[in-house]
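*Asks:* This is upload-v4.txt (compact mmCIF, C-alpha atoms).
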# COMPACT_ATOMS: atom_id res chain seq x y z
CA MET A 1 93.80 205.07 93.65
CA ASN A 2 91.97 206.20 96.80
CA THR A 3 94.49 207.90 99.10
CA ASP A 4 93.15 206.37 102.31
CA LYS A 5 93.20 202.91 100.77
CA THR A 6 96.78 203.44 99.61
CA LYS A 7 97.86 204.46 103.11
CA LEU A 8 96.15 201.40 104.58
CA LEU A 9 97.91 199.07 102.14
CA ILE A 10 101.26 200.67 102.95
CA ARG A 11 100.66 200.24 106.68
CA VAL A 12 99.70 196.59 106.22
CA TYR A 13 102.80 195.96 104.08
CA LEU A 14 105.13 197.64 106.59
CA CYS A 15 103.64 195.81 109.56
CA SER A 16 103.89 192.49 107.75
CA SER A 17 107.50 193.18 106.81
CA VAL A 18 108.42 194.08 110.38
CA ALA A 19 106.71 190.93 111.68
CA ILE A 20 108.64 188.79 109.20
CA ILE A 21 111.94 190.41 110.18
CA LEU A 22 111.26 189.97 113.90
CA PHE A 23 110.30 186.35 113.42
CA ALA A 24 113.34 185.60 111.28
CA SER A 25 115.77 187.27 113.66
CA GLY A 26 114.33 185.69 116.76
CA CYS A 27 114.11 189.07 118.52
CA GLY A 28 111.46 187.74 120.86
CA ARG A 29 114.05 185.37 122.42
CA TYR A 30 116.49 188.15 123.38
CA ALA A 31 116.32 190.89 125.98
CA LYS A 32 118.36 193.39 127.93
CA PHE A 33 118.51 192.56 131.64
CA THR A 34 120.71 192.10 134.68
CA LEU A 35 120.30 190.15 137.88
CA PRO A 36 119.21 192.22 140.89
CA GLU A 37 122.18 194.36 141.84
CA VAL A 38 124.06 193.58 145.05
CA ARG A 39 126.06 196.01 147.14
CA GLY A 40 129.57 194.69 146.52
CA GLY A 41 132.07 193.82 149.20
CA ASP A 42 135.77 193.40 149.85
CA VAL A 43 137.41 193.46 146.43
CA SER A 44 140.57 191.91 147.87
CA LEU A 45 138.71 188.73 148.85
CA VAL A 46 139.96 185.63 147.03
CA PHE A 47 138.82 182.22 148.23
CA ARG A 48 141.16 179.32 148.94
CA PHE A 49 140.11 176.04 147.34
CA VAL A 50 140.39 173.43 150.11
CA ALA A 51 139.73 169.99 148.63
CA GLU A 52 139.41 166.58 150.21
CA PRO A 53 142.26 164.35 148.98
CA GLU A 54 140.08 161.46 147.77
CA PRO A 55 137.05 161.46 145.44
CA VAL A 56 133.61 161.22 147.05
CA LEU A 57 132.09 159.47 144.00
CA THR A 58 134.31 157.01 142.12
CA ARG A 59 133.87 155.89 138.52
CA ASP A 60 133.84 152.12 139.16
CA GLU A 61 132.34 150.48 136.04
CA PHE A 62 132.08 153.75 134.07
CA ARG A 63 134.77 155.44 132.01
CA ASP A 64 133.91 158.79 133.59
CA VAL A 65 131.87 160.10 136.50
CA LEU A 66 131.66 163.92 136.28
CA ASN A 67 129.36 166.98 136.36
CA PRO A 68 127.85 166.81 139.85
CA SER A 69 124.76 168.90 140.59
CA VAL A 70 123.71 168.98 144.23
CA ALA A 71 120.23 170.04 145.35
CA GLY A 72 119.56 169.37 149.01
CA ARG A 73 120.54 165.78 149.72
CA ILE A 74 120.58 164.56 146.13
CA ASN A 75 123.32 164.65 143.52
CA LEU A 76 122.47 164.29 139.84
CA TYR A 77 125.76 163.54 138.13
CA SER A 78 126.95 162.36 134.72
CA VAL A 79 128.28 158.89 133.85
CA PHE A 80 129.89 157.90 130.55
CA ASP A 81 129.74 154.42 129.03
CA GLY A 82 129.97 155.45 125.37
CA GLN A 83 127.00 157.77 125.96
CA TRP A 84 126.46 160.29 128.72
CA HIS A 85 123.63 159.48 131.15
CA THR A 86 122.43 161.07 134.39
CA ALA A 87 122.80 159.07 137.60
CA LEU A 88 121.54 159.76 141.12
CA ALA A 89 123.30 159.65 144.47
CA THR A 90 121.88 160.54 147.89
CA THR A 91 123.58 161.66 151.10
CA GLU A 92 123.04 162.53 154.74
CA ASP A 93 126.15 164.66 155.21
CA GLY A 94 127.15 165.87 151.71
CA VAL A 95 130.37 163.86 151.78
CA HIS A 96 129.32 160.21 151.91
CA TRP A 97 127.12 159.36 148.93
CA ARG A 98 124.97 156.33 148.12
CA LYS A 99 124.71 155.57 144.43
CA GLN A 100 121.18 154.95 143.17
CA GLY A 101 121.96 154.17 139.52
CA ILE A 102 121.09 155.81 136.21
CA VAL A 103 117.81 157.75 136.30
CA LEU A 104 117.88 159.50 132.90
CA ARG A 105 119.31 157.75 129.85
CA ALA A 106 120.48 159.16 126.53
CA ALA A 107 118.20 158.04 123.73
CA ALA A 108 119.43 155.41 121.28
CA GLY A 109 121.79 157.06 118.82
CA SER A 110 122.03 160.20 120.95
CA TYR A 111 125.23 161.46 122.55
CA ILE A 112 123.96 162.75 125.87
CA ALA A 113 121.23 163.25 128.47
CA ALA A 114 123.43 164.63 131.25
CA ASN A 115 125.77 167.46 132.31
CA GLY A 116 122.88 169.23 133.98
CA SER A 117 121.86 171.58 136.76
CA ALA A 118 119.34 170.65 139.45
CA LEU A 119 117.17 172.94 141.59
CA SER A 120 114.58 172.12 144.23
CA TYR A 121 111.61 174.37 143.49
CA GLY A 122 107.87 174.16 144.06
CA GLY A 123 108.07 170.73 145.65
CA GLN A 124 109.88 169.20 142.68
CA VAL A 125 113.39 168.71 141.40
CA TRP A 126 113.94 170.74 138.22
CA TYR A 127 116.80 169.52 136.04
CA TRP A 128 118.15 171.35 132.99
CA TYR A 129 120.58 169.18 131.02
CA GLU A 130 122.32 168.72 127.67
CA THR A 131 120.69 166.72 124.93
CA GLY A 132 121.22 166.01 121.24
CA ALA A 133 124.09 165.24 118.91
CA LYS A 134 127.65 166.07 119.85
CA ASP A 135 127.87 168.76 117.17
CA ARG A 136 124.51 170.37 118.05
CA LEU A 137 123.92 170.35 121.79
CA ARG A 138 120.79 171.91 123.26
CA ILE A 139 119.37 172.30 126.76
CA GLN A 140 116.35 170.31 127.93
CA LEU A 141 114.26 170.39 131.11
CA ALA A 142 112.86 167.51 133.14
CA ARG A 143 110.98 167.62 136.44
CA SER A 144 110.50 164.99 139.13
CA ALA A 145 108.99 164.56 142.56
CA ASP A 146 111.54 161.95 143.63
CA ALA A 147 114.57 162.51 141.31
CA ARG A 148 113.98 159.05 139.84
CA THR A 149 110.95 159.31 137.55
CA TRP A 150 111.07 162.28 135.21
CA GLN A 151 108.61 164.30 133.13
CA THR A 152 110.50 165.83 130.23
CA GLU A 153 109.49 168.77 128.06
CA ALA A 154 108.50 167.82 124.52
CA VAL A 155 111.30 169.87 122.94
CA PRO A 156 114.54 171.46 124.21
CA VAL A 157 113.91 174.65 126.17
CA LEU A 158 117.06 176.49 125.04
CA ASP A 159 118.26 176.15 121.46
CA VAL A 160 121.32 177.29 119.55
CA GLY A 161 121.49 180.82 118.21
CA PRO A 162 121.10 182.02 114.62
CA SER A 163 123.78 181.58 111.97
CA GLY A 164 126.88 183.59 112.78
CA SER A 165 126.09 183.98 116.47
CA TRP A 166 128.40 183.15 119.37
CA ASP A 167 126.28 180.08 120.26
CA GLU A 168 125.24 178.90 116.80
CA ARG A 169 126.75 175.42 117.17
CA ALA A 170 125.93 174.42 120.74
CA VAL A 171 124.38 175.55 124.01
CA ALA A 172 125.53 173.39 126.92
CA ASP A 173 126.75 173.27 130.55
CA PRO A 174 123.59 174.84 132.06
CA TYR A 175 123.71 176.21 135.61
CA ALA A 176 120.39 177.43 136.99
CA ILE A 177 119.71 179.73 139.93
CA ARG A 178 116.44 181.19 141.18
CA ILE A 179 116.08 184.84 142.22
CA GLU A 180 112.42 185.77 142.37
CA PRO A 181 110.61 186.23 140.10
CA TYR A 182 113.04 184.68 137.59
CA PHE A 183 115.17 181.67 136.86
CA TYR A 184 118.60 182.59 135.48
CA LEU A 185 120.56 180.10 133.41
CA TYR A 186 124.29 180.46 132.79
CA TYR A 187 125.54 178.30 129.94
CA LEU A 188 128.32 177.58 127.47
CA GLY A 189 127.91 178.72 123.88
CA GLN A 190 130.01 177.44 120.99
CA ASP A 191 130.39 179.04 117.57
CA ARG A 192 131.46 177.62 114.21
CA ALA A 193 135.13 178.22 115.07
CA VAL A 194 134.62 175.97 118.14
CA ARG A 195 135.21 178.89 120.49
CA GLN A 196 133.52 178.39 123.84
CA ARG A 197 132.28 181.25 125.99
CA ILE A 198 129.70 181.84 128.73
CA GLY A 199 126.32 183.56 128.47
CA VAL A 200 123.13 183.94 130.48
CA ALA A 201 119.39 183.62 129.85
CA ARG A 202 116.31 184.51 131.92
CA SER A 203 112.91 182.86 132.35
CA GLY A 204 109.78 183.39 134.38
CA ASP A 205 108.71 179.75 134.22
CA GLY A 206 111.92 177.79 133.58
CA VAL A 207 110.65 176.67 130.17
CA HIS A 208 110.54 179.78 127.99
CA TRP A 209 113.85 181.62 127.96
CA GLU A 210 115.15 184.92 126.67
CA LYS A 211 118.88 185.19 126.11
CA LEU A 212 120.79 188.30 127.09
CA ARG A 213 121.20 190.40 123.98
CA ALA A 214 124.75 191.38 125.06
CA ASN A 215 125.98 187.76 125.42
CA PRO A 216 128.56 186.38 125.99
CA VAL A 217 129.21 187.69 129.51
CA VAL A 218 132.58 185.96 130.00
CA GLU A 219 135.13 185.70 127.19
CA MET A 220 138.20 183.50 126.80
CA ASP A 221 141.68 184.86 127.42
CA GLU A 222 144.37 184.40 124.77
CA ASP A 223 145.96 181.46 126.59
CA GLU A 224 142.63 179.65 126.95
CA ARG A 225 141.24 177.20 124.40
CA GLY A 226 137.75 177.29 125.84
CA ILE A 227 135.73 178.11 128.94
CA GLY A 228 132.46 176.73 130.30
CA GLU A 229 130.78 174.82 133.13
CA PRO A 230 129.91 177.93 135.16
CA ALA A 231 128.66 177.74 138.76
CA VAL A 232 127.12 180.97 140.10
CA TRP A 233 126.18 181.92 143.66
CA GLN A 234 125.77 184.98 145.89
CA SER A 235 127.82 185.65 149.03
CA ASP A 236 130.02 188.32 150.64
CA GLY A 237 128.36 191.17 148.74
CA PHE A 238 128.91 189.75 145.22
CA TYR A 239 127.75 187.27 142.67
CA TRP A 240 130.57 184.79 142.12
CA MET A 241 131.28 182.50 139.21
CA LEU A 242 133.52 179.45 139.35
CA TYR A 243 134.11 178.13 135.83
CA THR A 244 136.25 175.66 133.90
CA VAL A 245 139.13 176.63 131.63
CA ARG A 246 140.60 174.32 128.96
CA ASP A 247 144.16 175.08 127.91
CA PHE A 248 145.75 174.12 124.60
CA ALA A 249 147.04 170.83 126.03
CA GLU A 250 143.47 169.92 127.14
CA ASN A 251 144.32 170.28 130.81
CA ARG A 252 141.50 171.87 132.80
CA TYR A 253 141.38 174.04 135.89
CA LEU A 254 138.96 176.41 137.61
CA ARG A 255 138.87 180.22 137.55
CA LEU A 256 136.94 182.69 139.67
CA ALA A 257 135.07 185.87 138.69
CA ARG A 258 132.84 188.30 140.59
CA SER A 259 130.03 190.69 139.67
CA THR A 260 127.48 193.00 141.25
CA ASP A 261 124.82 192.51 138.55
CA GLY A 262 125.43 189.01 137.15
CA VAL A 263 126.26 190.38 133.69
CA ARG A 264 129.46 192.43 134.00
CA TRP A 265 132.12 190.12 135.42
CA THR A 266 135.62 190.81 136.77
CA LYS A 267 137.98 187.85 136.39
CA LEU A 268 140.33 187.19 139.29
CA PRO A 269 143.88 185.94 138.73
CA VAL A 270 143.53 182.87 140.97
CA ARG A 271 143.55 179.42 139.33
CA TYR A 272 142.49 176.26 141.14
CA ARG A 273 144.23 173.09 139.96
CA GLY A 274 144.17 169.47 141.04
CA THR A 275 146.76 168.46 143.62
CA GLN A 276 146.17 164.69 143.79
CA ALA A 277 147.01 161.89 141.37
CA TRP A 278 143.33 161.29 140.50
CA ASN A 279 142.75 164.95 139.47
CA SER A 280 146.26 165.80 138.26
CA GLN A 281 145.22 166.79 134.72
CA VAL A 282 141.62 167.89 135.11
CA ILE A 283 139.58 169.81 137.65
CA CYS A 284 136.22 170.94 136.26
CA ASP A 285 132.40 170.91 136.48
CA PRO A 286 131.84 172.76 139.78
CA THR A 287 128.51 172.96 141.60
CA VAL A 288 128.27 175.29 144.59
CA VAL A 289 126.02 175.32 147.66
CA VAL A 290 126.12 178.02 150.35
CA GLU A 291 125.18 176.37 153.64
CA GLY A 292 125.47 177.88 157.09
CA GLY A 293 128.10 180.40 156.01
CA ARG A 294 130.20 177.72 154.30
CA ILE A 295 130.71 177.57 150.54
CA LEU A 296 130.62 173.94 149.49
CA VAL A 297 131.90 172.76 146.10
CA TRP A 298 131.54 169.42 144.36
CA PHE A 299 133.65 169.09 141.22
CA GLY A 300 134.90 166.69 138.59
CA GLY A 301 138.51 165.59 138.29
CA GLY A 302 140.59 163.32 136.10
CA ASP A 303 144.13 162.16 135.42
CA VAL A 304 143.87 162.16 131.60
CA ALA A 305 143.82 165.35 129.49
CA SER A 306 141.17 164.74 126.82
CA PRO A 307 138.70 167.03 124.99
CA ASP A 308 135.34 165.56 126.01
CA GLU A 309 135.39 162.20 127.77
CA ASN A 310 137.62 159.30 128.88
CA LEU A 311 139.27 161.49 131.51
CA HIS A 312 139.08 158.79 134.21
CA GLY A 313 136.65 161.26 135.73
CA GLN A 314 135.62 161.10 139.38
CA ILE A 315 133.88 163.56 141.70
CA GLY A 316 135.54 165.44 144.55
CA PHE A 317 134.50 167.76 147.36
CA ALA A 318 135.99 171.06 148.51
CA THR A 319 135.20 174.23 150.42
CA LEU A 320 136.00 177.80 149.44
CA ALA A 321 137.70 179.31 152.48
CA LYS A 322 138.43 182.98 153.12
Show the structure stored in the file as C-alpha cells.

*Replies:*
Amino acid sequence: MNTDKTKLLIRVYLCSSVAIILFASGCGRYAKFTLPEVRGGDVSLVFRFVAEPEPVLTRDEFRDVLNPSVAGRINLYSVFDGQWHTALATTEDGVHWRKQGIVLRAAAGSYIAANGSALSYGGQVWYWYETGAKDRLRIQLARSADARTWQTEAVPVLDVGPSGSWDERAVADPYAIRIEPYFYLYYLGQDRAVRQRIGVARSGDGVHWEKLRANPVVEMDEDERGIGEPAVWQSDGFYWMLYTVRDFAENRYLRLARSTDGVRWTKLPVRYRGTQAWNSQVICDPTVVVEGGRILVWFGGGDVASPDENLHGQIGFATLAK
C-alpha cells in the first residue's frame, strides 16, 4: 500500500476516534475555571442571622410556599398544590408583598416548574428553574419583560451528568449571579446513591453552560444527609455562600461558607436555625440581595420535617448582621 495513503488513513481513523470519544464523554460541556478572585477580608467575620418573627409571604390555600427569588421589586417563589408552580409577588419595601398569582405552571403530568433563580439583565427578567420528573430534575430558562408572560427555551439548559457522575440523577436548586462577561450558576447535584452536593457552571449567554470539571465544590459532612439551595454573593472581601443542610431527621437549617475564587470554599461552623413556631423544623431556600451595605435574606421555613414538600412552608425575611 502507498505509504502516504496509509498515513492519511491512520490520521483520519485517529481523528474520528478522538471525536467520538469527546462526543461520548461530553468534554465540551466541562471546563476548568474560577470566578474572578477577590482580595479576602476579615476571616473572623461571621454574620448574625436576624430574622423577622412572622412570615412575609404566607401559604394560604397552598400546602407550601417556599423558594423565594428576589430581583429588584419582584419575588418569584414556589407554591405547591400537588405540583410545584412559580408564583409572583411585588413589593415597594422588600417586606410587604402583594401576591400576583401563578405565572409559570408545571406541565400536566410533570412534577415541577419552580424552585428557581431570577436575575434582572438586559431589560428582562431571566429565570432559571427546575423542570421534569421528580427522579430526573433538570434546569430550564425562561425570560420575560414583565415577570408574567414568559418565553421558555425549547429544551432544558442544564442537564444531568453522565452515568456514574456526582449529578447523574438530578440537577436542581439553581442560583444565578452575573459577573461580566459570564453568568455563574450554583446548583445541587444528586447521584444514584441520592447524595446531594453543590457544584457550579459558567455561561457566556445564560443558555449554553459548561460545568466545572472539578465539581462538586461543596461536599456534605458526615452528619448531613444532603446539602443544596445555595445563595452566593460578594461582600466584605469574599464570596459567601448560604446553603441548606438536611439532617437525618429531615430537619433543615442554613450553613455559611466563604471563598476568594468561588470554587474553593471554607465552611464556617455557624448554623442558622428557625426560632419561631412557623419555622421550627425547617429553614431553607435562601436568596440574598446586597443593598446599601445591608445583606438582605428571604428564606423558606416550615414546622414539619419532610423530605420534599408538605412542610407547611412559608417565606420569611432576615438580615445578616456583623

*Asks:* Could you work out how far CA of Ala231 in chain A lies from CA of Leu256 in chain A, giving the answer in Å with one decimal?

*Replies:*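 CA of Ala231 in chain A lies at a distance of 9.7 Å from CA of Leu256 in chain A.
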
*Asks:* Considering only C-alpha atoms, state which residue in the set A:Ala118, A:Ile179, A:Ile315, A:Ala201 is at the smallest distance from Leu158 in chain A.

*Replies:*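 Of A:Ala118, A:Ile179, A:Ile315, A:Ala201, the one nearest Leu158 in chain A, counting only C-alpha atoms, is A:Ala201.
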
*Asks:* Near range 97-101 of chain A, within 12 Å and counting only C-alpha atoms, which residues show up once chain neighbours fewer than 3 positions away are dropped, as a PyMOL selection string?

*Replies:* chain A and resi 55-62+65+68+70+73-79+85-94+104-105+146-148+298+315-317

*Asks:* Fewer than 4 positions away in the same chain doesn't count, so skip those; otherwise give me all residues within 8 Å of range 39-52 of chain A, counting only C-alpha atoms, as a list in words.

*Replies:*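 The filter keeps Asp236, Gly237, Phe238, Ser259, Thr260, Leu268, Val270, Tyr272, Gly316, Phe317, Ala318, Thr319, Leu320, Ala321 and Lys322 of chain A.
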
*Asks:* To one decimal place, how far is CA of Ile227 in chain A from CA of Tyr243 in chain A in Å?

*Replies:*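 Taking CA of Ile227 in chain A and CA of Tyr243 in chain A, their separation equals 7.1 Å.
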
*Asks:* May I have the residues within 10 Å of Phe183 in chain A as a PyMOL selection string, using only C-alpha atoms and disregarding those fewer than 4 positions away in the same chain?

*Replies:* chain A and resi 35+176-179+201-207+209

*Asks:* Return the single residue from A:Tyr121, A:Arg246, A:Glu309, A:Gly161 that is closest to Lys134 in chain A, with distances computed using only C-alpha atoms.

*Replies:*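 With only C-alpha atoms as the atom set, the closest residue is A:Glu309.
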
*Asks:* Between A:Val245, A:Ala142, A:Val103, A:Ile198, which one has atoms that come closest to Val155 in chain A, using all atoms listed in the file?

*Replies:*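 When distances to Val155 in chain A are compared using all atoms listed in the file, the smallest one comes from A:Ala142.
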
*Asks:* How far is it from CA of Ile139 in chain A to CA of Ser117 in chain A, in Å with one decimal?

*Replies:* 10.3 Å

*Asks:* Neighbours of Gly122 in chain A within 12 Å (only C-alpha atoms; same-chain residues fewer than 2 positions away dropped), as a compact mmCIF listing (two decimals) with C-alpha atoms, in the coordinates of the input?

*Replies:*
# COMPACT_ATOMS: atom_id res chain seq x y z
CA LEU A 119 117.17 172.94 141.59
CA SER A 120 114.58 172.12 144.23
CA GLN A 124 109.88 169.20 142.68
CA VAL A 125 113.39 168.71 141.40
CA TRP A 126 113.94 170.74 138.22
CA ARG A 143 110.98 167.62 136.44
CA SER A 144 110.50 164.99 139.13
CA ALA A 145 108.99 164.56 142.56
CA ARG A 178 116.44 181.19 141.18
CA ASP A 205 108.71 179.75 134.22
CA GLY A 206 111.92 177.79 133.58

*Asks:* Determine the nearest neighbour of Asn310 in chain A from the options A:Glu219, A:Asp261, A:Asp81, A:Asp247, counting all atoms listed in the file.

*Replies:*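 Using all atoms listed in the file, Asn310 in chain A sits closest to A:Asp81.
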
*Asks:* Could you tell me which of A:Glu210, A:Glu168, A:Asp308, A:Asp173 comes closest to Ser69 in chain A if we count only C-alpha atoms?

*Replies:*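 Under the stated criterion, the closest residue is A:Asp173.
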
*Asks:* Contacts of range 188-192 of chain A at 6 Å or less, counting all atoms listed in the file, minus same-chain residues fewer than 6 places along, as a PyMOL selection string?

*Replies:* chain A and resi 166-173+198+228

*Asks:* Please save C-alpha atoms of the selected residues as a PDB file, in the coordinates of the input.

*Replies:*
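The new file selection-v4.pdb reads:
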ATOM      1  CA  TRP A 166     128.400 183.150 119.370  1.00  0.00           C
ATOM      2  CA  ASP A 167     126.280 180.080 120.260  1.00  0.00           C
ATOM      3  CA  GLU A 168     125.240 178.900 116.800  1.00  0.00           C
ATOM      4  CA  ARG A 169     126.750 175.420 117.170  1.00  0.00           C
ATOM      5  CA  ALA A 170     125.930 174.420 120.740  1.00  0.00           C
ATOM      6  CA  VAL A 171     124.380 175.550 124.010  1.00  0.00           C
ATOM      7  CA  ALA A 172     125.530 173.390 126.920  1.00  0.00           C
ATOM      8  CA  ASP A 173     126.750 173.270 130.550  1.00  0.00           C
ATOM      9  CA  ILE A 198     129.700 181.840 128.730  1.00  0.00           C
ATOM     10  CA  GLY A 228     132.460 176.730 130.300  1.00  0.00           C
TER      11      GLY A 228
END

*Asks:* Could I see range 63-95 of chain A restored to N, CA and C atoms, set down as a PDB file, in the coordinates of the input?

*Replies:*
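Done, and the output landed in out_38.pdb:
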ATOM      1  N   ARG A  63     133.532 154.801 132.453  1.00  0.00           N
ATOM      2  CA  ARG A  63     134.770 155.440 132.010  1.00  0.00           C
ATOM      3  C   ARG A  63     134.970 156.787 132.702  1.00  0.00           C
ATOM      4  N   ASP A  64     133.852 157.487 132.928  1.00  0.00           N
ATOM      5  CA  ASP A  64     133.910 158.790 133.590  1.00  0.00           C
ATOM      6  C   ASP A  64     132.706 158.949 134.508  1.00  0.00           C
ATOM      7  N   VAL A  65     132.929 159.622 135.622  1.00  0.00           N
ATOM      8  CA  VAL A  65     131.870 160.100 136.500  1.00  0.00           C
ATOM      9  C   VAL A  65     132.198 161.569 136.772  1.00  0.00           C
ATOM     10  N   LEU A  66     131.351 162.492 136.255  1.00  0.00           N
ATOM     11  CA  LEU A  66     131.660 163.920 136.280  1.00  0.00           C
ATOM     12  C   LEU A  66     130.375 164.730 136.495  1.00  0.00           C
ATOM     13  N   ASN A  67     130.495 166.045 136.395  1.00  0.00           N
ATOM     14  CA  ASN A  67     129.360 166.980 136.360  1.00  0.00           C
ATOM     15  C   ASN A  67     128.370 166.787 137.512  1.00  0.00           C
ATOM     16  N   PRO A  68     128.805 166.891 138.754  1.00  0.00           N
ATOM     17  CA  PRO A  68     127.850 166.810 139.850  1.00  0.00           C
ATOM     18  C   PRO A  68     126.915 168.016 139.873  1.00  0.00           C
ATOM     19  N   SER A  69     125.691 167.804 140.321  1.00  0.00           N
ATOM     20  CA  SER A  69     124.760 168.900 140.590  1.00  0.00           C
ATOM     21  C   SER A  69     123.982 168.558 141.842  1.00  0.00           C
ATOM     22  N   VAL A  70     124.250 169.294 142.906  1.00  0.00           N
ATOM     23  CA  VAL A  70     123.710 168.980 144.230  1.00  0.00           C
ATOM     24  C   VAL A  70     122.534 169.900 144.525  1.00  0.00           C
ATOM     25  N   ALA A  71     121.419 169.304 144.923  1.00  0.00           N
ATOM     26  CA  ALA A  71     120.230 170.040 145.350  1.00  0.00           C
ATOM     27  C   ALA A  71     119.711 169.373 146.609  1.00  0.00           C
ATOM     28  N   GLY A  72     119.927 170.002 147.753  1.00  0.00           N
ATOM     29  CA  GLY A  72     119.560 169.370 149.010  1.00  0.00           C
ATOM     30  C   GLY A  72     120.432 168.153 149.266  1.00  0.00           C
ATOM     31  N   ARG A  73     119.802 166.998 149.426  1.00  0.00           N
ATOM     32  CA  ARG A  73     120.540 165.780 149.720  1.00  0.00           C
ATOM     33  C   ARG A  73     120.615 164.837 148.520  1.00  0.00           C
ATOM     34  N   ILE A  74     120.419 165.371 147.332  1.00  0.00           N
ATOM     35  CA  ILE A  74     120.580 164.560 146.130  1.00  0.00           C
ATOM     36  C   ILE A  74     121.680 165.136 145.250  1.00  0.00           C
ATOM     37  N   ASN A  75     122.271 164.274 144.467  1.00  0.00           N
ATOM     38  CA  ASN A  75     123.320 164.650 143.520  1.00  0.00           C
ATOM     39  C   ASN A  75     122.994 163.985 142.193  1.00  0.00           C
ATOM     40  N   LEU A  76     122.656 164.793 141.191  1.00  0.00           N
ATOM     41  CA  LEU A  76     122.470 164.290 139.840  1.00  0.00           C
ATOM     42  C   LEU A  76     123.774 164.512 139.091  1.00  0.00           C
ATOM     43  N   TYR A  77     124.442 163.437 138.739  1.00  0.00           N
ATOM     44  CA  TYR A  77     125.760 163.540 138.130  1.00  0.00           C
ATOM     45  C   TYR A  77     125.797 162.737 136.832  1.00  0.00           C
ATOM     46  N   SER A  78     126.856 162.937 136.061  1.00  0.00           N
ATOM     47  CA  SER A  78     126.950 162.360 134.720  1.00  0.00           C
ATOM     48  C   SER A  78     127.870 161.142 134.725  1.00  0.00           C
ATOM     49  N   VAL A  79     127.453 160.089 134.007  1.00  0.00           N
ATOM     50  CA  VAL A  79     128.280 158.890 133.850  1.00  0.00           C
ATOM     51  C   VAL A  79     128.414 158.608 132.354  1.00  0.00           C
ATOM     52  N   PHE A  80     129.605 158.132 131.965  1.00  0.00           N
ATOM     53  CA  PHE A  80     129.890 157.900 130.550  1.00  0.00           C
ATOM     54  C   PHE A  80     130.239 156.442 130.320  1.00  0.00           C
ATOM     55  N   ASP A  81     129.476 155.805 129.416  1.00  0.00           N
ATOM     56  CA  ASP A  81     129.740 154.420 129.030  1.00  0.00           C
ATOM     57  C   ASP A  81     129.749 154.272 127.504  1.00  0.00           C
ATOM     58  N   GLY A  82     130.121 155.337 126.820  1.00  0.00           N
ATOM     59  CA  GLY A  82     129.970 155.450 125.370  1.00  0.00           C
ATOM     60  C   GLY A  82     128.902 156.465 125.029  1.00  0.00           C
ATOM     61  N   GLN A  83     127.963 156.666 125.933  1.00  0.00           N
ATOM     62  CA  GLN A  83     127.000 157.770 125.960  1.00  0.00           C
ATOM     63  C   GLN A  83     127.026 158.379 127.353  1.00  0.00           C
ATOM     64  N   TRP A  84     126.571 159.625 127.424  1.00  0.00           N
ATOM     65  CA  TRP A  84     126.460 160.290 128.720  1.00  0.00           C
ATOM     66  C   TRP A  84     125.040 160.149 129.248  1.00  0.00           C
ATOM     67  N   HIS A  85     124.907 159.616 130.473  1.00  0.00           N
ATOM     68  CA  HIS A  85     123.630 159.480 131.150  1.00  0.00           C
ATOM     69  C   HIS A  85     123.685 160.231 132.476  1.00  0.00           C
ATOM     70  N   THR A  86     122.503 160.461 133.064  1.00  0.00           N
ATOM     71  CA  THR A  86     122.430 161.070 134.390  1.00  0.00           C
ATOM     72  C   THR A  86     122.154 160.002 135.439  1.00  0.00           C
ATOM     73  N   ALA A  87     122.968 159.994 136.484  1.00  0.00           N
ATOM     74  CA  ALA A  87     122.800 159.070 137.600  1.00  0.00           C
ATOM     75  C   ALA A  87     122.470 159.859 138.867  1.00  0.00           C
ATOM     76  N   LEU A  88     121.961 159.149 139.860  1.00  0.00           N
ATOM     77  CA  LEU A  88     121.540 159.760 141.120  1.00  0.00           C
ATOM     78  C   LEU A  88     122.347 159.188 142.279  1.00  0.00           C
ATOM     79  N   ALA A  89     122.748 160.070 143.186  1.00  0.00           N
ATOM     80  CA  ALA A  89     123.300 159.650 144.470  1.00  0.00           C
ATOM     81  C   ALA A  89     122.621 160.453 145.568  1.00  0.00           C
ATOM     82  N   THR A  90     122.504 159.867 146.753  1.00  0.00           N
ATOM     83  CA  THR A  90     121.880 160.540 147.890  1.00  0.00           C
ATOM     84  C   THR A  90     122.867 160.551 149.058  1.00  0.00           C
ATOM     85  N   THR A  91     122.643 161.484 150.003  1.00  0.00           N
ATOM     86  CA  THR A  91     123.580 161.660 151.100  1.00  0.00           C
ATOM     87  C   THR A  91     122.866 162.143 152.358  1.00  0.00           C
ATOM     88  N   GLU A  92     123.495 161.950 153.485  1.00  0.00           N
ATOM     89  CA  GLU A  92     123.040 162.530 154.740  1.00  0.00           C
ATOM     90  C   GLU A  92     123.931 163.683 155.181  1.00  0.00           C
ATOM     91  N   ASP A  93     125.197 163.665 154.732  1.00  0.00           N
ATOM     92  CA  ASP A  93     126.150 164.660 155.210  1.00  0.00           C
ATOM     93  C   ASP A  93     126.847 165.439 154.093  1.00  0.00           C
ATOM     94  N   GLY A  94     126.530 165.165 152.820  1.00  0.00           N
ATOM     95  CA  GLY A  94     127.150 165.870 151.710  1.00  0.00           C
ATOM     96  C   GLY A  94     128.506 165.348 151.306  1.00  0.00           C
ATOM     97  N   VAL A  95     129.052 164.428 152.073  1.00  0.00           N
ATOM     98  CA  VAL A  95     130.370 163.860 151.780  1.00  0.00           C
ATOM     99  C   VAL A  95     130.257 162.386 151.411  1.00  0.00           C
TER     100      VAL A  95
END
